[in-house]
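Content type PDB, C-alpha atoms, from the file coords.pdb:
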```
ATOM      1  CA  MET A   1     110.444  86.413 115.886
ATOM      2  CA  LEU A   2     111.074  85.074 112.372
ATOM      3  CA  SER A   3     107.959  86.813 111.087
ATOM      4  CA  VAL A   4     109.267  90.129 112.382
ATOM      5  CA  VAL A   5     112.725  89.580 110.884
ATOM      6  CA  LEU A   6     111.256  88.633 107.524
ATOM      7  CA  ALA A   7     108.938  91.613 107.632
ATOM      8  CA  VAL A   8     111.841  93.944 108.277
ATOM      9  CA  LEU A   9     113.813  92.382 105.432
ATOM     10  CA  LEU A  10     111.027  92.367 102.893
ATOM     11  CA  GLY A  11     109.062  95.449 103.783
ATOM     12  CA  VAL A  12     111.612  97.452 105.772
ATOM     13  CA  THR A  13     108.942  98.241 108.352
ATOM     14  CA  ALA A  14     107.570  95.513 110.608
ATOM     15  CA  LEU A  15     104.668  94.116 108.633
ATOM     16  CA  ALA A  16     102.571  91.379 110.176
ATOM     17  CA  ILE A  17     103.629  88.226 108.354
ATOM     18  CA  ASN A  18     102.728  84.988 110.112
ATOM     19  CA  ILE A  19     104.850  82.248 108.642
ATOM     20  CA  VAL A  20     103.571  79.601 110.994
ATOM     21  CA  ASN A  21     100.020  80.085 109.764
ATOM     22  CA  ALA A  22     100.893  80.479 106.087
ATOM     23  CA  SER A  23      98.498  78.400 104.043
ATOM     24  CA  PRO A  24      99.141  76.603 100.737
ATOM     25  CA  SER A  25      95.531  77.188  99.686
ATOM     26  CA  LEU A  26      96.384  79.636  96.900
ATOM     27  CA  ILE A  27      94.531  78.587  93.762
ATOM     28  CA  ALA A  28      96.958  78.011  90.905
ATOM     29  CA  ARG A  29      96.389  80.113  87.796
ATOM     30  CA  GLN A  30      98.729  81.168  85.028
ATOM     31  CA  SER A  31     100.994  78.327  86.210
ATOM     32  CA  ILE A  32     101.397  80.086  89.561
ATOM     33  CA  THR A  33     101.522  77.720  92.514
ATOM     34  CA  ALA A  34     101.507  78.106  96.289
ATOM     35  CA  LEU A  35     104.425  77.072  98.451
ATOM     36  CA  THR A  36     103.716  74.512 101.127
ATOM     37  CA  THR A  37     104.405  75.229 104.773
ATOM     38  CA  SER A  38     107.494  73.005 104.664
ATOM     39  CA  GLN A  39     108.818  74.869 101.615
ATOM     40  CA  ILE A  40     108.292  78.192 103.392
ATOM     41  CA  ASP A  41     109.974  76.932 106.547
ATOM     42  CA  ALA A  42     113.047  75.901 104.545
ATOM     43  CA  PHE A  43     113.835  79.586 103.970
ATOM     44  CA  THR A  44     114.031  80.295 107.727
ATOM     45  CA  PRO A  45     117.818  80.004 108.245
ATOM     46  CA  TYR A  46     118.561  82.054 105.130
ATOM     47  CA  THR A  47     116.204  84.792 106.273
ATOM     48  CA  TYR A  48     118.205  85.174 109.458
ATOM     49  CA  TYR A  49     121.508  85.102 107.567
ATOM     50  CA  ALA A  50     120.255  87.963 105.388
ATOM     51  CA  SER A  51     119.171  89.823 108.515
ATOM     52  CA  ALA A  52     122.597  89.292 110.102
ATOM     53  CA  GLY A  53     124.100  91.047 107.084
ATOM     54  CA  TYR A  54     123.017  94.329 108.699
ATOM     55  CA  CYS A  55     125.243  93.687 111.724
ATOM     56  CA  THR A  56     128.745  95.126 111.972
ATOM     57  CA  SER A  57     131.698  93.104 110.772
ATOM     58  CA  THR A  58     132.912  92.797 114.374
ATOM     59  CA  GLN A  59     129.589  91.342 115.471
ATOM     60  CA  THR A  60     129.331  88.793 112.684
ATOM     61  CA  LEU A  61     132.938  87.657 113.020
ATOM     62  CA  ALA A  62     132.239  86.947 116.688
ATOM     63  CA  TRP A  63     128.768  85.646 115.724
ATOM     64  CA  ASP A  64     127.288  87.863 118.388
ATOM     65  CA  CYS A  65     124.571  89.970 116.789
ATOM     66  CA  GLY A  66     121.504  89.099 118.827
ATOM     67  CA  SER A  67     118.541  87.145 117.481
ATOM     68  CA  SER A  68     119.792  87.142 113.881
ATOM     69  CA  CYS A  69     122.875  85.198 114.967
ATOM     70  CA  ASP A  70     121.149  83.213 117.714
ATOM     71  CA  ALA A  71     118.772  81.710 115.133
ATOM     72  CA  ASN A  72     121.723  79.852 113.537
ATOM     73  CA  PRO A  73     123.800  79.017 116.627
ATOM     74  CA  ASP A  74     126.072  76.465 114.933
ATOM     75  CA  PHE A  75     127.308  78.849 112.245
ATOM     76  CA  LYS A  76     131.090  79.059 111.902
ATOM     77  CA  PRO A  77     132.168  82.586 110.876
ATOM     78  CA  VAL A  78     135.365  82.789 108.845
ATOM     79  CA  ALA A  79     135.681  86.383 107.634
ATOM     80  CA  SER A  80     133.814  89.668 107.581
ATOM     81  CA  GLY A  81     134.328  93.182 106.308
ATOM     82  CA  GLY A  82     132.871  96.471 105.189
ATOM     83  CA  ASN A  83     132.253  99.643 107.138
ATOM     84  CA  GLY A  84     128.491 100.000 106.767
ATOM     85  CA  ASN A  85     128.926 103.245 104.883
ATOM     86  CA  SER A  86     131.017 103.402 101.713
ATOM     87  CA  VAL A  87     131.324  99.602 101.724
ATOM     88  CA  GLN A  88     128.402  97.395 102.745
ATOM     89  CA  TYR A  89     129.019  94.977 105.607
ATOM     90  CA  TRP A  90     129.531  91.357 104.575
ATOM     91  CA  PHE A  91     130.412  88.052 106.177
ATOM     92  CA  VAL A  92     131.357  84.527 105.098
ATOM     93  CA  GLY A  93     131.241  81.289 107.070
ATOM     94  CA  TYR A  94     129.971  77.722 107.186
ATOM     95  CA  ASP A  95     126.638  76.270 108.245
ATOM     96  CA  PRO A  96     127.216  72.653 109.344
ATOM     97  CA  ASN A  97     123.504  71.866 109.337
ATOM     98  CA  LEU A  98     122.914  73.099 105.790
ATOM     99  CA  LYS A  99     126.415  71.942 104.799
ATOM    100  CA  THR A 100     127.094  75.063 102.788
ATOM    101  CA  VAL A 101     129.233  78.183 102.762
ATOM    102  CA  ILE A 102     127.124  81.255 103.533
ATOM    103  CA  VAL A 103     127.910  84.636 101.926
ATOM    104  CA  SER A 104     125.796  87.547 103.166
ATOM    105  CA  HIS A 105     125.805  91.244 102.261
ATOM    106  CA  GLN A 106     124.256  94.179 104.097
ATOM    107  CA  GLY A 107     121.157  95.704 102.557
ATOM    108  CA  THR A 108     119.614  99.110 102.996
ATOM    109  CA  ASN A 109     116.191 100.570 103.693
ATOM    110  CA  THR A 110     113.717 101.943 101.192
ATOM    111  CA  SER A 111     114.541 105.631 101.690
ATOM    112  CA  GLU A 112     118.224 104.970 101.002
ATOM    113  CA  ILE A 113     117.909 102.665  98.006
ATOM    114  CA  LEU A 114     115.155 104.509  96.119
ATOM    115  CA  PRO A 115     117.535 107.274  94.918
ATOM    116  CA  ILE A 116     119.935 104.592  93.680
ATOM    117  CA  LEU A 117     117.158 102.958  91.670
ATOM    118  CA  THR A 118     115.557 106.111  90.236
ATOM    119  CA  ASP A 119     118.451 108.565  89.823
ATOM    120  CA  ALA A 120     119.026 109.410  86.155
ATOM    121  CA  ASP A 121     122.788 109.385  86.756
ATOM    122  CA  PHE A 122     122.764 105.604  87.089
ATOM    123  CA  PHE A 123     123.029 103.487  83.963
ATOM    124  CA  LEU A 124     123.590 100.022  82.531
ATOM    125  CA  THR A 125     127.211  99.075  81.974
ATOM    126  CA  THR A 126     129.305  96.019  81.172
ATOM    127  CA  LEU A 127     130.957  93.934  83.861
ATOM    128  CA  ASP A 128     134.666  94.372  84.615
ATOM    129  CA  PRO A 129     136.495  91.756  82.527
ATOM    130  CA  THR A 130     139.166  91.442  85.199
ATOM    131  CA  LEU A 131     136.625  90.332  87.802
ATOM    132  CA  PHE A 132     134.310  88.623  85.300
ATOM    133  CA  PRO A 133     136.565  87.027  82.668
ATOM    134  CA  GLY A 134     134.743  85.562  79.707
ATOM    135  CA  ILE A 135     131.401  87.243  80.439
ATOM    136  CA  SER A 136     129.832  88.642  77.278
ATOM    137  CA  SER A 137     129.854  92.403  76.761
ATOM    138  CA  ASN A 138     126.157  92.068  75.911
ATOM    139  CA  ILE A 139     125.510  91.483  79.617
ATOM    140  CA  GLU A 140     124.994  94.816  81.351
ATOM    141  CA  VAL A 141     124.242  95.717  84.969
ATOM    142  CA  HIS A 142     123.402  98.778  87.075
ATOM    143  CA  ASN A 143     126.654 100.687  87.525
ATOM    144  CA  GLY A 144     126.011 101.409  91.212
ATOM    145  CA  PHE A 145     125.475  97.719  91.983
ATOM    146  CA  LYS A 146     128.554  96.855  89.937
ATOM    147  CA  ASP A 147     130.718  99.216  91.987
ATOM    148  CA  ALA A 148     129.295  97.988  95.298
ATOM    149  CA  GLN A 149     130.042  94.357  94.435
ATOM    150  CA  ALA A 150     133.531  95.180  93.157
ATOM    151  CA  ALA A 151     134.404  96.825  96.471
ATOM    152  CA  THR A 152     134.252  93.476  98.297
ATOM    153  CA  ALA A 153     134.667  90.904  95.517
ATOM    154  CA  THR A 154     138.232  89.713  96.037
ATOM    155  CA  ALA A 155     137.961  89.641  99.839
ATOM    156  CA  VAL A 156     134.729  87.631  99.631
ATOM    157  CA  LEU A 157     136.268  85.206  97.128
ATOM    158  CA  SER A 158     139.287  84.639  99.368
ATOM    159  CA  ALA A 159     137.018  83.984 102.350
ATOM    160  CA  VAL A 160     134.868  81.558 100.364
ATOM    161  CA  LYS A 161     137.941  79.617  99.211
ATOM    162  CA  THR A 162     139.208  79.407 102.794
ATOM    163  CA  THR A 163     135.836  78.250 104.084
ATOM    164  CA  MET A 164     135.455  75.598 101.377
ATOM    165  CA  SER A 165     138.911  74.243 102.176
ATOM    166  CA  THR A 166     138.523  74.369 105.949
ATOM    167  CA  TYR A 167     135.139  72.644 106.004
ATOM    168  CA  ASP A 168     135.623  70.422 102.936
ATOM    169  CA  THR A 169     132.491  71.582 101.150
ATOM    170  CA  THR A 170     131.613  72.302  97.538
ATOM    171  CA  SER A 171     128.345  74.123  98.267
ATOM    172  CA  VAL A 172     127.999  77.923  98.324
ATOM    173  CA  THR A 173     124.859  79.889  99.208
ATOM    174  CA  THR A 174     124.672  83.663  98.747
ATOM    175  CA  VAL A 175     121.998  85.712 100.530
ATOM    176  CA  GLY A 176     121.021  89.357 100.878
ATOM    177  CA  HIS A 177     118.236  91.911 101.122
ATOM    178  CA  SER A 178     117.641  94.950  98.905
ATOM    179  CA  LEU A 179     121.036  96.415  97.917
ATOM    180  CA  GLY A 180     122.620  93.413  99.629
ATOM    181  CA  GLY A 181     120.580  91.188  97.345
ATOM    182  CA  ALA A 182     121.849  93.008  94.270
ATOM    183  CA  ILE A 183     125.451  92.573  95.427
ATOM    184  CA  THR A 184     124.704  88.942  96.224
ATOM    185  CA  LEU A 185     123.286  88.329  92.763
ATOM    186  CA  LEU A 186     126.446  89.722  91.181
ATOM    187  CA  ASP A 187     128.467  87.485  93.509
ATOM    188  CA  SER A 188     126.530  84.543  92.090
ATOM    189  CA  VAL A 189     127.945  85.401  88.663
ATOM    190  CA  TYR A 190     131.428  86.272  89.926
ATOM    191  CA  LEU A 191     132.199  83.415  92.320
ATOM    192  CA  PRO A 192     131.611  80.503  89.902
ATOM    193  CA  LEU A 193     134.190  81.983  87.543
ATOM    194  CA  TRP A 194     136.883  81.548  90.193
ATOM    195  CA  LEU A 195     135.846  78.451  92.158
ATOM    196  CA  PRO A 196     136.486  74.802  91.242
ATOM    197  CA  THR A 197     134.323  73.006  88.725
ATOM    198  CA  GLY A 198     131.716  71.008  90.595
ATOM    199  CA  THR A 199     130.965  73.736  93.128
ATOM    200  CA  THR A 200     127.195  74.092  93.552
ATOM    201  CA  PHE A 201     125.513  77.438  94.087
ATOM    202  CA  GLN A 202     122.199  78.815  95.199
ATOM    203  CA  THR A 203     121.133  82.415  95.712
ATOM    204  CA  ILE A 204     118.333  83.579  98.014
ATOM    205  CA  CYS A 205     117.438  87.269  97.942
ATOM    206  CA  TYR A 206     114.769  89.352  99.651
ATOM    207  CA  GLY A 207     113.319  92.522  98.132
ATOM    208  CA  LEU A 208     115.726  92.213  95.201
ATOM    209  CA  PRO A 209     115.719  95.133  92.738
ATOM    210  CA  ARG A 210     116.292  94.538  89.050
ATOM    211  CA  VAL A 211     120.052  94.311  88.563
ATOM    212  CA  GLY A 212     120.699  94.130  84.828
ATOM    213  CA  ASN A 213     119.446  93.903  81.283
ATOM    214  CA  GLN A 214     117.694  91.090  79.421
ATOM    215  CA  ASN A 215     120.975  89.297  78.709
ATOM    216  CA  PHE A 216     121.921  89.467  82.369
ATOM    217  CA  ALA A 217     118.547  88.050  83.436
ATOM    218  CA  ASN A 218     118.905  85.261  80.878
ATOM    219  CA  TYR A 219     122.404  84.471  82.130
ATOM    220  CA  ILE A 220     121.153  84.165  85.703
ATOM    221  CA  ASP A 221     118.312  81.897  84.595
ATOM    222  CA  ALA A 222     120.713  79.631  82.717
ATOM    223  CA  ASN A 223     123.514  79.496  85.296
ATOM    224  CA  ASP A 224     122.199  80.214  88.801
ATOM    225  CA  HIS A 225     119.657  78.714  91.154
ATOM    226  CA  LEU A 226     117.957  81.947  92.240
ATOM    227  CA  THR A 227     115.006  82.516  94.529
ATOM    228  CA  HIS A 228     113.991  86.134  95.144
ATOM    229  CA  ILE A 229     111.253  86.673  97.713
ATOM    230  CA  ASN A 230     109.079  89.781  97.471
ATOM    231  CA  ASN A 231     106.704  90.971 100.161
ATOM    232  CA  LYS A 232     103.232  92.316  99.446
ATOM    233  CA  GLU A 233     103.459  95.746  97.744
ATOM    234  CA  ASP A 234     107.190  96.351  98.220
ATOM    235  CA  PRO A 235     108.106  98.641  95.284
ATOM    236  CA  ILE A 236     111.852  97.919  95.272
ATOM    237  CA  PRO A 237     111.643  94.729  93.153
ATOM    238  CA  THR A 238     109.864  96.714  90.418
ATOM    239  CA  LEU A 239     112.862  99.042  90.029
ATOM    240  CA  PRO A 240     114.747 100.120  87.998
ATOM    241  CA  SER A 241     111.987 100.326  85.433
ATOM    242  CA  LEU A 242     111.490  97.887  82.569
ATOM    243  CA  SER A 243     111.351 100.953  80.324
ATOM    244  CA  LEU A 244     115.006 101.638  81.151
ATOM    245  CA  GLY A 245     116.056  98.197  79.914
ATOM    246  CA  TYR A 246     116.175  96.359  83.238
ATOM    247  CA  VAL A 247     114.737  92.844  83.573
ATOM    248  CA  ALA A 248     114.213  90.650  86.634
ATOM    249  CA  SER A 249     115.408  87.061  86.463
ATOM    250  CA  ALA A 250     113.056  84.163  87.081
ATOM    251  CA  GLY A 251     112.635  82.602  90.518
ATOM    252  CA  GLU A 252     110.224  85.040  92.157
ATOM    253  CA  VAL A 253     108.254  84.079  95.247
ATOM    254  CA  HIS A 254     105.628  86.689  96.142
ATOM    255  CA  ILE A 255     104.080  86.895  99.612
ATOM    256  CA  GLU A 256     100.424  87.821  99.147
ATOM    257  CA  ASP A 257      98.440  90.125 101.434
ATOM    258  CA  SER A 258      96.726  86.946 102.661
ATOM    259  CA  GLY A 259     100.087  85.552 103.830
ATOM    260  CA  GLU A 260     100.207  82.924 101.101
ATOM    261  CA  TRP A 261     103.453  82.508  99.190
ATOM    262  CA  ALA A 262     103.088  82.320  95.387
ATOM    263  CA  ALA A 263     105.787  80.889  93.126
ATOM    264  CA  CYS A 264     105.714  83.106  90.024
ATOM    265  CA  PRO A 265     107.287  81.518  86.951
ATOM    266  CA  GLY A 266     109.237  83.443  84.339
ATOM    267  CA  GLN A 267     110.758  86.884  84.249
ATOM    268  CA  ASP A 268     108.656  89.847  85.456
ATOM    269  CA  ASN A 269     105.444  87.842  85.655
ATOM    270  CA  PRO A 270     102.583  90.346  85.102
ATOM    271  CA  SER A 271     100.005  88.451  87.166
ATOM    272  CA  THR A 272      98.490  90.360  90.086
ATOM    273  CA  GLN A 273      99.649  87.432  92.219
ATOM    274  CA  CYS A 274     103.223  88.526  91.470
ATOM    275  CA  ILE A 275     105.048  91.733  92.319
ATOM    276  CA  ASP A 276     104.882  93.343  88.855
ATOM    277  CA  GLY A 277     101.141  92.943  88.607
ATOM    278  CA  ASP A 278     100.565  93.878  92.230
ATOM    279  CA  VAL A 279     102.667  97.069  91.980
ATOM    280  CA  PRO A 280     102.221  98.308  88.387
ATOM    281  CA  GLN A 281     103.322 101.844  89.342
ATOM    282  CA  LEU A 282     105.798 103.066  91.963
ATOM    283  CA  SER A 283     102.960 104.979  93.615
ATOM    284  CA  ASP A 284     101.139 101.666  94.176
ATOM    285  CA  GLY A 285     103.929 100.461  96.444
ATOM    286  CA  THR A 286     103.824 100.388 100.226
ATOM    287  CA  TYR A 287     106.993 101.588 101.904
TER     288      TYR A 287
END
```
Please express what this file holds, its structure, as structure tokens.
Amino acid sequence: MLSVVLAVLLGVTALAINIVNASPSLIARQSITALTTSQIDAFTPYTYYASAGYCTSTQTLAWDCGSSCDANPDFKPVASGGNGNSVQYWFVGYDPNLKTVIVSHQGTNTSEILPILTDADFFLTTLDPTLFPGISSNIEVHNGFKDAQAATATAVLSAVKTTMSTYDTTSVTTVGHSLGGAITLLDSVYLPLWLPTGTTFQTICYGLPRVGNQNFANYIDANDHLTHINNKEDPIPTLPSLSLGYVASAGEVHIEDSGEWAACPGQDNPSTQCIDGDVPQLSDGTY
């Protein structure tokens, strides 16, 4: 079941990914290394949390959304929101096994996000200083992603604060797929500005598009613990184009056609073992 869920998240359609049989036999080159089976397995609960982001706010608040919720049966939902249309669904709660707050945002499928990533009307813009106090004006992000994150920011922050207090934790993990990943990545910049010093953060995204400019990517690298997992020839992580000034942060893990998982160091690694090298043109992608 996990292989199907991950396939849906990473490739939108149900690709045949067999996590159980994933092999760490990938030969390292260009400082690229293969994840071990235990490292791959560690992503399992987060994969399901990202999948649950597609469920309605009513379902996630009741933690009754089928296999995506059943996979993490001990999860304690605290708040949820969104309408699945103008505002992406989201939920916040606590995982007692991982001992962390979980923040998840709804993603979208390839046909819906491609116009957002290729439309000439979208542009790089600065972050709202009210939501992001102290963030340099040199940091710019996709205006559509900025607006989507702003629509839920204060409600998510309130829910995270409540969850941290209720469950006496200082750990926050943000997850999401596709558009949900972009919102999640902006959350990973926003939330630390408003939460107590000493709070630890990690961000796990699937099929994450490029969100901002070089300064934004550098900021993420310096301040966040990001892993973004890309599947085979998924074109979404290669958009918006580098030529438009967008840059992907470090932390890529690329699932090869063989099923092996490659850790790709640096920003926009051009190796064919990584998504940029594997999908050099949009037409090379598999939807």
Mind telling me what the PyMOL selection byres ((chain A and resi 246) around 6) catches here, as a PyMOL selection string?
chain A and resi 212-213+242+244-245+247
Pull C-alpha atoms from the residues just selected and write them as a PDB file, in the coordinates of the input.
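Once written, selection_29.pdb looks like this:
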```
ATOM      1  CA  GLY A 212     120.699  94.130  84.828  1.00  0.00           C
ATOM      2  CA  ASN A 213     119.446  93.903  81.283  1.00  0.00           C
ATOM      3  CA  LEU A 242     111.490  97.887  82.569  1.00  0.00           C
ATOM      4  CA  LEU A 244     115.006 101.638  81.151  1.00  0.00           C
ATOM      5  CA  GLY A 245     116.056  98.197  79.914  1.00  0.00           C
ATOM      6  CA  VAL A 247     114.737  92.844  83.573  1.00  0.00           C
TER       7      VAL A 247
END
```
At a cut-off of 9 Å, using all atoms listed in the file, what residues contact region 148-151 of chain A? Leave out same-chain residues fewer than 4 positions from it and give the result as a ChimeraX atom specification.
/A:82,86-88,128,131,143-144,155,179,182-184,186-187
Residues selected by the PyMOL selection byres ((chain A and resi 161) around 10), written as a list in words
Val101, Val156, Leu157, Ser158, Ala159, Val160, Thr162, Thr163, Met164, Ser165, Thr166, Thr169, Thr170, Leu191, Trp194, Leu195 and Pro196 of chain A
What residues come out when you apply the PyMOL selection byres ((chain A and resi 55-64) around 6) to this file, written as an NGL selection string?
:A and (52-54 or 65-66 or 69 or 77 or 80-81)
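When CA of Pro192 (chain A) is paired with CA of Phe132 (chain A), their separation reads 9.7 Å.
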Distance CA of Lys76 (chain A)-CA of Leu226 (chain A), one decimal place?
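Taking CA of Lys76 (chain A) and CA of Leu226 (chain A), their separation equals 23.8 Å.
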Pick from A:Ala222, A:Leu193, A:Ala217, A:Val141: nearest to Asp268 (chain A), with only C-alpha atoms counted?
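So, comparing all the options, the nearest one is A:Ala217.
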Selected residue of minimal separation from His142 (chain A) among A:Val279, A:Leu124, A:Ala263, A:Ile113, counting all atoms listed in the file
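Among the listed residues, A:Leu124 lies closest to His142 (chain A).
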Would you mind reading off the distance between CA of Asn83 (chain A) and CA of Tyr48 (chain A), one decimal, in Å?
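We find that CA of Asn83 (chain A) and CA of Tyr48 (chain A) lie 20.3 Å from each other.
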For region 64-79 of chain A, take all atoms listed in the file, fit an axis-aligned box around them, add 4 Å to each of the six sides, then output centre and edge lengths in Å rounded to one decimal, as lines of an AutoDock Vina configuration file.
```
center_x = 127.1
center_y = 83.2
center_z = 113.2
size_x = 25.1
size_y = 21.5
size_z = 19.2
```
